[in-house]
>>> print(open('input17.cif').read())   # mmCIF, C-alpha atoms
data_model
#
loop_
_atom_site.label_atom_id
_atom_site.label_comp_id
_atom_site.auth_asym_id
_atom_site.auth_seq_id
_atom_site.Cartn_x
_atom_site.Cartn_y
_atom_site.Cartn_z
CA MET E 1 50.61 3.69 11.59
CA LYS E 2 48.90 4.44 8.28
CA LYS E 3 48.10 0.73 7.90
CA THR E 4 46.53 0.63 11.39
CA ILE E 5 44.35 3.67 10.68
CA LEU E 6 43.32 2.17 7.35
CA SER E 7 42.46 -1.16 8.98
CA VAL E 8 40.40 0.51 11.73
CA ALA E 9 38.57 2.63 9.15
CA LEU E 10 37.83 -0.46 7.06
CA VAL E 11 36.50 -2.40 10.06
CA MET E 12 34.32 0.57 11.07
CA ALA E 13 33.00 1.00 7.53
CA THR E 14 32.18 -2.71 7.28
CA GLY E 15 30.48 -2.60 10.66
CA LEU E 16 28.38 0.40 9.66
CA LEU E 17 27.44 -1.24 6.39
CA PHE E 18 26.05 -4.33 8.08
CA ALA E 19 24.70 -2.69 11.23
CA GLN E 20 22.66 0.04 9.66
CA LYS E 21 18.90 0.08 9.63
CA LYS E 22 17.78 -0.48 6.08
CA THR E 23 14.56 1.14 4.89
CA THR E 24 12.35 1.17 1.84
CA THR E 25 9.28 3.18 0.90
CA SER E 26 8.22 0.74 -1.83
CA ALA E 27 7.44 -2.46 0.03
CA THR E 28 4.22 -4.18 -1.01
CA ILE E 29 1.46 -5.72 1.02
CA ALA E 30 -1.28 -7.65 -0.75
CA PHE E 31 -4.32 -9.13 0.86
CA ASP E 32 -6.70 -11.66 -0.56
CA ALA E 33 -10.08 -12.03 1.12
CA THR E 34 -11.79 -13.64 -1.85
CA THR E 35 -14.22 -16.50 -1.39
CA ALA E 36 -16.12 -18.84 -3.70
CA LEU E 37 -18.94 -16.28 -3.65
CA ASP E 38 -16.90 -13.16 -4.38
CA ALA E 39 -13.64 -12.71 -6.27
CA LEU E 40 -13.41 -8.95 -5.69
CA PRO E 41 -12.11 -8.37 -2.14
CA LYS E 42 -8.39 -8.28 -2.86
CA ALA E 43 -6.01 -5.36 -3.10
CA GLU E 44 -2.37 -4.33 -3.09
CA ASN E 45 -0.49 -1.49 -1.45
CA LYS E 46 2.78 -0.72 -3.25
CA THR E 47 3.95 2.21 -1.12
CA VAL E 48 4.48 0.56 2.24
CA ILE E 49 7.31 1.84 4.44
CA ALA E 50 9.47 -0.93 5.87
CA SER E 51 12.64 -1.20 7.90
CA LEU E 52 15.04 -3.99 8.75
CA ASP E 53 17.86 -3.77 11.22
CA THR E 54 20.34 -6.44 10.20
CA LYS E 55 22.14 -6.25 13.54
CA SER E 56 19.23 -6.48 15.97
CA GLY E 57 16.74 -8.24 13.67
CA ALA E 58 14.11 -5.56 14.26
CA VAL E 59 11.48 -5.38 11.52
CA ALA E 60 8.80 -2.72 11.06
CA PHE E 61 6.12 -1.86 8.51
CA GLU E 62 3.77 1.09 8.07
CA ALA E 63 0.99 0.90 5.49
CA ALA E 64 -1.44 3.70 4.68
CA VAL E 65 -4.81 1.95 4.57
CA LYS E 66 -6.10 4.18 1.78
CA SER E 67 -3.17 3.13 -0.39
CA PHE E 68 -4.63 -0.36 -0.88
CA ALA E 69 -5.71 -0.26 -4.51
CA PHE E 70 -8.69 -2.36 -5.58
CA ALA E 71 -9.74 -3.03 -9.15
CA ASN E 72 -13.36 -2.26 -8.25
CA PRO E 73 -14.25 1.28 -7.03
CA LYS E 74 -17.22 0.10 -4.93
CA MET E 75 -15.03 -2.43 -3.15
CA GLN E 76 -12.47 0.30 -2.41
CA GLU E 77 -15.22 2.51 -1.02
CA HIS E 78 -16.58 -0.27 1.24
CA PHE E 79 -13.08 -1.20 2.42
CA ASN E 80 -12.35 2.34 3.63
CA SER E 81 -15.82 3.04 5.04
CA ALA E 82 -16.60 3.47 8.74
CA GLY E 83 -18.19 0.01 8.85
CA TRP E 84 -14.99 -1.69 7.67
CA MET E 85 -11.45 -0.35 8.01
CA ASN E 86 -12.62 3.16 8.94
CA SER E 87 -9.49 4.53 7.30
CA ASP E 88 -10.29 8.16 8.13
CA GLN E 89 -9.90 7.30 11.81
CA PHE E 90 -7.38 4.44 11.55
CA ALA E 91 -5.21 5.71 8.73
CA THR E 92 -2.31 3.26 9.01
CA ALA E 93 -1.72 -0.39 9.70
CA THR E 94 1.59 -1.13 11.41
CA PHE E 95 3.81 -4.00 12.42
CA LYS E 96 6.69 -3.89 14.87
CA GLY E 97 8.63 -7.01 15.63
CA SER E 98 11.83 -8.93 15.22
CA ILE E 99 13.37 -11.99 13.61
CA THR E 100 13.58 -14.70 16.25
CA ASN E 101 16.24 -16.80 14.51
CA LEU E 102 18.54 -13.99 13.39
CA LYS E 103 21.64 -16.10 13.97
CA ASP E 104 20.57 -18.34 11.05
CA VAL E 105 20.73 -15.42 8.59
CA LYS E 106 24.04 -14.40 7.04
CA PHE E 107 23.49 -10.95 5.57
CA ASN E 108 27.00 -10.96 4.10
CA LYS E 109 26.50 -14.24 2.22
CA ASP E 110 24.20 -14.76 -0.77
CA GLY E 111 21.44 -17.24 -0.11
CA THR E 112 17.85 -17.78 0.96
CA TYR E 113 17.16 -18.10 4.66
CA ALA E 114 13.99 -19.25 6.42
CA VAL E 115 13.00 -16.92 9.25
CA THR E 116 10.33 -16.54 11.88
CA VAL E 117 9.13 -13.09 12.77
CA THR E 118 7.13 -12.21 15.87
CA GLY E 119 5.71 -8.88 16.85
CA ASP E 120 2.65 -6.68 17.20
CA LEU E 121 0.31 -6.09 14.29
CA THR E 122 -2.01 -3.09 14.52
CA ILE E 123 -5.01 -2.95 12.21
CA HIS E 124 -8.18 -0.92 12.68
CA GLY E 125 -6.78 0.44 15.95
CA GLU E 126 -6.45 -3.07 17.45
CA THR E 127 -3.03 -4.49 18.32
CA LYS E 128 -2.46 -8.24 18.47
CA PRO E 129 0.69 -10.37 18.74
CA VAL E 130 1.47 -12.33 15.58
CA GLU E 131 4.02 -14.87 14.42
CA ALA E 132 4.79 -15.41 10.75
CA LYS E 133 7.15 -17.52 8.71
CA GLY E 134 9.10 -15.84 5.96
CA THR E 135 12.21 -15.89 3.85
CA ILE E 136 15.14 -13.54 3.48
CA THR E 137 17.04 -13.66 0.22
CA VAL E 138 20.45 -12.04 0.16
CA SER E 139 21.85 -11.24 -3.27
CA GLY E 140 24.84 -8.93 -3.23
CA LYS E 141 23.72 -5.71 -1.55
CA THR E 142 20.03 -6.51 -2.01
CA ILE E 143 18.03 -8.08 0.79
CA LYS E 144 14.55 -9.28 -0.11
CA THR E 145 12.12 -10.31 2.59
CA THR E 146 8.85 -12.13 1.94
CA SER E 147 6.16 -13.50 4.19
CA ASP E 148 2.70 -15.04 3.79
CA PHE E 149 0.32 -15.32 6.70
CA THR E 150 -3.34 -14.97 7.57
CA VAL E 151 -5.13 -12.70 10.00
CA LYS E 152 -8.46 -13.26 11.71
CA LEU E 153 -10.59 -10.20 10.96
CA GLU E 154 -12.60 -10.61 14.16
CA ASP E 155 -9.36 -10.22 16.18
CA TYR E 156 -9.11 -6.70 14.77
CA LYS E 157 -12.82 -5.96 15.21
CA VAL E 158 -13.41 -5.82 11.47
CA ASN E 159 -16.93 -7.13 11.05
CA GLY E 160 -19.67 -6.83 8.50
CA GLY E 161 -22.57 -8.54 6.84
CA ALA E 162 -20.41 -9.54 3.87
CA ILE E 163 -18.18 -11.64 6.15
CA ALA E 164 -21.17 -13.39 7.70
CA ALA E 165 -22.61 -13.93 4.21
CA GLY E 166 -19.38 -15.59 3.06
CA LYS E 167 -18.51 -12.89 0.52
CA VAL E 168 -15.36 -11.85 2.39
CA SER E 169 -12.98 -14.37 3.91
CA LYS E 170 -12.86 -14.39 7.70
CA GLU E 171 -9.11 -14.98 7.48
CA PRO E 172 -7.60 -13.08 4.51
CA LYS E 173 -4.18 -14.11 3.25
CA ILE E 174 -1.56 -11.38 3.60
CA THR E 175 1.58 -11.30 1.45
CA VAL E 176 4.42 -8.95 2.37
CA VAL E 177 7.40 -8.26 0.13
CA ALA E 178 10.13 -5.75 0.97
CA GLU E 179 13.34 -5.21 -0.92
CA PHE E 180 16.19 -3.34 0.73
CA ASN E 181 19.10 -2.04 -1.29
CA MET R 1 -57.67 -13.04 -12.56
CA LEU R 2 -55.08 -14.75 -14.72
CA LYS R 3 -54.37 -11.43 -16.48
CA LYS R 4 -53.71 -9.73 -13.14
CA TYR R 5 -51.42 -12.59 -12.09
CA LYS R 6 -49.47 -12.25 -15.35
CA LYS R 7 -49.02 -8.53 -14.76
CA TRP R 8 -47.51 -9.17 -11.31
CA LEU R 9 -45.26 -11.85 -12.71
CA LEU R 10 -44.07 -9.49 -15.43
CA ALA R 11 -43.40 -6.74 -12.88
CA LEU R 12 -41.44 -9.17 -10.74
CA LEU R 13 -39.40 -10.28 -13.74
CA VAL R 14 -38.58 -6.66 -14.63
CA LEU R 15 -37.54 -5.98 -11.03
CA LEU R 16 -35.34 -9.07 -10.95
CA LEU R 17 -33.70 -8.12 -14.23
CA ALA R 18 -33.11 -4.55 -13.07
CA GLY R 19 -31.67 -5.77 -9.74
CA GLY R 20 -29.46 -8.26 -11.52
CA GLY R 21 -28.31 -5.51 -13.88
CA VAL R 22 -27.34 -3.24 -10.99
CA ILE R 23 -25.43 -6.05 -9.23
CA TRP R 24 -23.67 -7.03 -12.47
CA TYR R 25 -22.74 -3.38 -13.06
CA MET R 26 -21.33 -2.98 -9.54
CA PHE R 27 -19.35 -6.21 -9.72
CA THR R 28 -17.81 -5.47 -13.11
CA LEU R 29 -17.14 -1.79 -12.45
CA LYS R 30 -13.49 -0.85 -12.89
CA TYR R 31 -11.49 2.31 -12.40
CA ASP R 32 -11.04 4.43 -15.51
CA ASP R 33 -7.59 4.96 -16.96
CA THR R 34 -6.30 7.87 -14.84
CA ALA R 35 -4.78 9.45 -17.95
CA SER R 36 -8.30 10.16 -19.20
CA VAL R 37 -9.75 11.37 -15.88
CA LYS R 38 -10.13 15.10 -15.25
CA ALA R 39 -7.99 16.32 -12.35
CA ASP R 40 -9.55 18.01 -9.33
CA TYR R 41 -6.37 19.94 -8.50
CA THR R 42 -3.01 20.77 -10.06
CA VAL R 43 -0.19 21.39 -7.59
CA ASN R 44 3.54 21.95 -7.30
CA ALA R 45 5.20 19.07 -5.42
CA MET R 46 7.04 21.14 -2.80
CA ASP R 47 4.05 23.41 -2.12
CA PHE R 48 1.90 20.30 -1.81
CA ILE R 49 4.24 18.79 0.80
CA LYS R 50 4.32 22.11 2.64
CA GLU R 51 0.52 22.18 2.78
CA PHE R 52 0.44 18.69 4.34
CA LYS R 53 3.18 19.58 6.83
CA GLN R 54 1.32 22.70 7.90
CA ASP R 55 -2.02 20.97 8.54
CA MET R 56 -2.17 17.24 7.83
CA THR R 57 -5.85 16.88 8.81
CA ALA R 58 -7.03 19.73 6.61
CA ALA R 59 -4.89 18.58 3.68
CA ASN R 60 -6.18 15.02 3.95
CA LYS R 61 -9.75 16.29 4.03
CA LYS R 62 -9.10 18.39 0.94
CA TYR R 63 -7.08 15.97 -1.20
CA SER R 64 -7.76 12.38 -0.09
CA GLU R 65 -9.19 10.23 -2.90
CA LYS R 66 -9.08 13.19 -5.31
CA ILE R 67 -7.40 13.09 -8.71
CA ILE R 68 -4.43 15.45 -8.61
CA VAL R 69 -1.78 16.53 -11.08
CA VAL R 70 1.58 16.98 -9.33
CA ASN R 71 4.36 18.86 -11.08
CA GLY R 72 7.84 18.30 -9.71
CA THR R 73 11.29 16.81 -10.03
CA VAL R 74 11.91 13.07 -9.79
CA SER R 75 14.10 12.40 -6.73
CA ALA R 76 14.14 8.62 -7.03
CA ILE R 77 12.72 5.73 -9.00
CA GLU R 78 12.17 2.80 -6.70
CA MET R 79 12.13 -0.46 -8.59
CA ALA R 80 10.82 -3.20 -6.34
CA ASP R 81 9.40 -6.59 -7.15
CA THR R 82 6.94 -5.99 -10.01
CA THR R 83 6.54 -2.30 -9.43
CA ALA R 84 8.28 1.04 -10.03
CA ASN R 85 7.39 3.96 -7.82
CA ILE R 86 8.37 7.58 -8.39
CA LYS R 87 9.38 9.76 -5.46
CA MET R 88 9.59 13.51 -5.05
CA VAL R 89 11.49 14.40 -1.88
CA ASP R 90 11.81 17.65 0.02
CA THR R 91 15.51 17.33 0.81
CA THR R 92 15.33 19.95 3.57
CA ASN R 93 13.24 17.70 5.84
CA GLY R 94 12.90 14.26 4.23
CA ALA R 95 9.17 14.58 3.56
CA TYR R 96 8.14 12.99 0.29
CA ILE R 97 5.40 12.17 -2.21
CA ILE R 98 5.34 8.67 -3.68
CA PHE R 99 3.45 7.63 -6.79
CA ALA R 100 2.40 4.03 -7.55
CA PHE R 101 1.44 3.70 -11.21
CA GLN R 102 -1.49 1.98 -12.88
CA GLN R 103 -0.40 -1.27 -14.50
CA GLN R 104 -0.88 0.08 -18.02
CA HIS R 105 1.33 3.09 -17.19
CA LEU R 106 4.13 1.24 -15.40
CA GLN R 107 6.50 1.65 -18.34
CA GLU R 108 6.10 5.45 -18.09
CA ALA R 109 7.43 5.31 -14.54
CA LYS R 110 10.32 3.06 -15.51
CA ALA R 111 11.28 5.46 -18.31
CA MET R 112 11.61 8.45 -15.97
CA LYS R 113 15.03 9.71 -14.90
CA GLU R 114 16.21 11.16 -11.61
CA GLY R 115 16.30 14.94 -11.83
CA GLU R 116 13.72 15.03 -14.60
CA LEU R 117 10.88 17.55 -14.33
CA VAL R 118 7.64 15.58 -14.67
CA SER R 119 3.89 15.94 -14.39
CA ILE R 120 2.10 13.00 -12.77
CA LYS R 121 -1.64 12.50 -12.37
CA GLY R 122 -3.01 10.10 -9.79
CA SER R 123 -5.39 9.41 -6.93
CA CYS R 124 -4.10 10.91 -3.69
CA SER R 125 -4.50 8.30 -0.94
CA ASN R 126 -3.49 10.40 2.04
CA GLY R 127 -0.67 12.00 3.97
CA ALA R 128 0.73 10.73 7.27
CA PHE R 129 3.76 10.88 9.52
CA SER R 130 6.09 7.89 9.43
CA SER R 131 7.55 6.91 12.77
CA ILE R 132 10.02 4.67 10.91
CA LEU R 133 11.40 7.49 8.76
CA GLU R 134 10.43 10.33 11.10
CA ALA R 135 9.10 12.29 8.17
CA GLU R 136 5.81 13.13 6.52
CA TYR R 137 4.77 11.27 3.39
CA ILE R 138 1.94 11.46 0.90
CA THR R 139 0.96 8.42 -1.13
CA PHE R 140 -0.65 8.23 -4.55
CA LYS R 141 -2.15 5.24 -6.35
CA ARG R 142 -3.32 4.54 -9.94
CA CYS R 143 -0.93 7.12 -11.42
CA ALA R 144 -0.13 8.01 -15.03
CA VAL R 145 2.00 10.60 -16.74
CA ASN R 146 -0.04 13.77 -17.23
CA LYS R 147 0.00 14.60 -20.91
#
>>> encode(input="input17.cif", output="structure tokens")
Amino acid sequence: MKKTILSVALVMATGLLFAQKKTTTSATIAFDATTALDALPKAENKTVIASLDTKSGAVAFEAAVKSFAFANPKMQEHFNSAGWMNSDQFATATFKGSITNLKDVKFNKDGTYAVTVTGDLTIHGETKPVEAKGTITVSGKTIKTTSDFTVKLEDYKVNGGAIAAGKVSKEPKITVVAEFN
Amino acid sequence: MLKKYKKWLLALLVLLLAGGGVIWYMFTLKYDDTASVKADYTVNAMDFIKEFKQDMTAANKKYSEKIIVVNGTVSAIEMADTTANIKMVDTTNGAYIIFAFQQQHLQEAKAMKEGELVSIKGSCSNGAFSSILEAEYITFKRCAVNK
């Protein structure tokens, strides 16, 4: 009887361990909108909230727009201004989606797995469907997710003279890294 | 006639140099080391969280992009990728403040210990409600230990 209870408890504990939604408040999102004319429009946000449900494959991110840190103060000011990201009105950028090939990922086995994530990306108050390739690296209890993709600024109604003038890339590269422990 | 033409040319040259100087200044401008910047406010971490929870809009208007010294206890040190963030959490409701450090002060964050009483100075980005965590959070960037 004791053995049965112990076995059931062990199975439940294992199930909970692998089914739980993992979260972090220190994911990073970097974007690079530099061009040959301007090396300044790039920034990194190191306090992004992210979640990964290892059972359902659901993935979500929340990034405070004002947390993108630029090296140049003027660039930071322009980025947050009403003419660009309008971060007073659209304070966060979000992503909600899921891993489409979850069956290929073994969260209980160390290794690096190629994944495809699809979902809705909301920037500047505009929501668009996106698909991105990424990797999941499992190492013990740590799960690291990374993804590189580009976004078309015009899809999110982010416009400005600097884009037309070639000083800001029309399709910035976005790099997302989230580590779940 | 030639003298007048020279004067205009000289004026144009001065204008071009001045314009170039302004552009060069703006392009090479960098943020100061936060450790040497005077703080706009000094707050207690839990009172600060309470203020945001009470009125997020007013608190954001007051503190966003201001340099603030936050005194509080380290709840967690989140080492991730190349960074180390410090968190102060209100354990009664899950609301938290998170501090991302300036590159030159990253070691100060890594040296902190959970439960340690610290004073951190940084640029308050803003406060928001997380639908992922179902809790309020306040983010800081370009932080340094307040000495």
>>> atom_distance(input="input17.cif", atom1="CA of Asp148 (chain E)", atom2="CA of Gly134 (chain E)")
6.8 Å
>>> axis_aligned_box(input="input17.cif", around="region 71-76 of chain E", padding_each_side="5 Å", output="AutoDock Vina command-line options")
--center_x -13.5 --center_y -0.9 --center_z -5.8 --size_x 17.5 --size_y 14.3 --size_z 16.7
>>> interface_residues(input="input17.cif", of="chain E", to="chain R", cutoff="8 Å", atoms="only C-alpha atoms", output="list in words")
Ser26, Ala27, Leu40, Lys46, Thr47, Ile49, Ala50, Ser51, Ala60, Phe61, Glu62, Ala64, Lys66, Ser67, Ala69, Ala71, Asn72, Pro73, Lys74, Ala91, Val177, Ala178 and Glu179 of chain E
>>> resolve_selection(input="input17.cif", expression="the PyMOL selection byres ((chain E and resi 52-56) around 10)", output="count of residues only")
31
>>> atom_distance(input="input17.cif", atom1="CA of Val168 (chain E)", atom2="CA of Phe90 (chain E)")
20.3 Å
>>> atom_distance(input="input17.cif", atom1="CA of Asn86 (chain E)", atom2="CA of Ile123 (chain E)")
10.3 Å
>>> resolve_selection(input="input17.cif", expression="the PyMOL selection byres ((chain E and resi 126) around 12)", output="list in words")
Met85, Phe90, Thr92, Ala93, Thr94, Phe95, Asp120, Leu121, Thr122, Ile123, His124, Gly125, Thr127, Lys128, Pro129, Lys152, Leu153, Glu154, Asp155, Tyr156, Lys157 and Val158 of chain E
>>> closest_residue(input="input17.cif", among="R:Ala144, R:Met112, R:Leu16, R:Ala95", to="Phe52 (chain R)", atoms="all atoms listed in the file")
R:Ala95
>>> residues_near_point(input="input17.cif", point="(2.1, 14.6, -12.2)", cutoff="9 Å", atoms="only C-alpha atoms", output="ChimeraX atom specification")
/R:42-45,68-72,99,118-122,143-147
>>> closest_residue(input="input17.cif", among="E:Ala33, E:Met75, E:Ala114, E:Ala43", to="Thr150 (chain E)", atoms="only C-alpha atoms")
E:Ala33
>>> resolve_selection(input="input17.cif", expression="the PyMOL selection byres ((chain E and resi 166) around 12)", output="list in words")
Ala33, Thr34, Thr35, Ala36, Leu37, Asp38, Ala39, Pro41, Asn159, Gly160, Gly161, Ala162, Ile163, Ala164, Ala165, Lys167, Val168, Ser169, Lys170 and Glu171 of chain E
>>> residues_near_point(input="input17.cif", point="(1.7, -14.6, 12.5)", cutoff="8 Å", atoms="all atoms listed in the file", output="mmCIF file with C-alpha atoms, in the coordinates of the input")
data_model
loop_
_atom_site.group_PDB
_atom_site.id
_atom_site.type_symbol
_atom_site.label_atom_id
_atom_site.label_comp_id
_atom_site.auth_asym_id
_atom_site.auth_seq_id
_atom_site.Cartn_x
_atom_site.Cartn_y
_atom_site.Cartn_z
ATOM 1 C CA VAL E 117 9.130 -13.090 12.770
ATOM 2 C CA THR E 118 7.130 -12.210 15.870
ATOM 3 C CA PRO E 129 0.690 -10.370 18.740
ATOM 4 C CA VAL E 130 1.470 -12.330 15.580
ATOM 5 C CA GLU E 131 4.020 -14.870 14.420
ATOM 6 C CA ALA E 132 4.790 -15.410 10.750
ATOM 7 C CA LYS E 133 7.150 -17.520 8.710
ATOM 8 C CA PHE E 149 0.320 -15.320 6.700
ATOM 9 C CA THR E 150 -3.340 -14.970 7.570
ATOM 10 C CA VAL E 151 -5.130 -12.700 10.000
#
>>> closest_residue(input="input17.cif", among="R:Ala76, R:Leu17, R:Ala58, R:Leu9", to="Ala109 (chain R)", atoms="all atoms listed in the file")
R:Ala76
>>> closest_residue(input="input17.cif", among="R:Val74, R:Thr92, R:Ala11, R:Thr34", to="Lys50 (chain R)", atoms="all atoms listed in the file")
R:Thr92
>>> build_atoms(input="input17.cif", residues="region 59-73 of chain E", atoms="N, CA and C atoms", output="compact mmCIF listing (two decimals), in the frame of the given file")
# COMPACT_ATOMS: atom_id res chain seq x y z
N VAL E 59 12.21 -5.55 12.79
CA VAL E 59 11.48 -5.38 11.52
C VAL E 59 10.27 -4.49 11.79
N ALA E 60 9.99 -3.57 10.88
CA ALA E 60 8.80 -2.72 11.06
C ALA E 60 8.18 -2.39 9.70
N PHE E 61 6.87 -2.25 9.71
CA PHE E 61 6.12 -1.86 8.51
C PHE E 61 5.09 -0.80 8.86
N GLU E 62 4.86 0.11 7.93
CA GLU E 62 3.77 1.09 8.07
C GLU E 62 3.05 1.15 6.72
N ALA E 63 1.76 0.88 6.74
CA ALA E 63 0.99 0.90 5.49
C ALA E 63 -0.20 1.84 5.62
N ALA E 64 -0.27 2.81 4.71
CA ALA E 64 -1.44 3.70 4.68
C ALA E 64 -2.61 2.88 4.15
N VAL E 65 -3.68 2.82 4.93
CA VAL E 65 -4.81 1.95 4.57
C VAL E 65 -5.44 2.39 3.25
N LYS E 66 -5.50 3.69 3.02
CA LYS E 66 -6.10 4.18 1.78
C LYS E 66 -5.25 3.90 0.54
N SER E 67 -4.02 3.43 0.76
CA SER E 67 -3.17 3.13 -0.39
C SER E 67 -3.41 1.73 -0.95
N PHE E 68 -4.27 0.95 -0.30
CA PHE E 68 -4.63 -0.36 -0.88
C PHE E 68 -5.50 -0.10 -2.11
N ALA E 69 -5.01 -0.53 -3.25
CA ALA E 69 -5.71 -0.26 -4.51
C ALA E 69 -6.51 -1.49 -4.95
N PHE E 70 -7.79 -1.31 -5.10
CA PHE E 70 -8.69 -2.36 -5.58
C PHE E 70 -8.96 -2.13 -7.06
N ALA E 71 -9.35 -3.18 -7.75
CA ALA E 71 -9.74 -3.03 -9.15
C ALA E 71 -11.13 -2.42 -9.24
N ASN E 72 -11.95 -2.69 -8.22
CA ASN E 72 -13.36 -2.26 -8.25
C ASN E 72 -13.57 -1.05 -7.33
N PRO E 73 -14.07 0.07 -7.85
CA PRO E 73 -14.25 1.28 -7.03
C PRO E 73 -15.19 1.08 -5.84
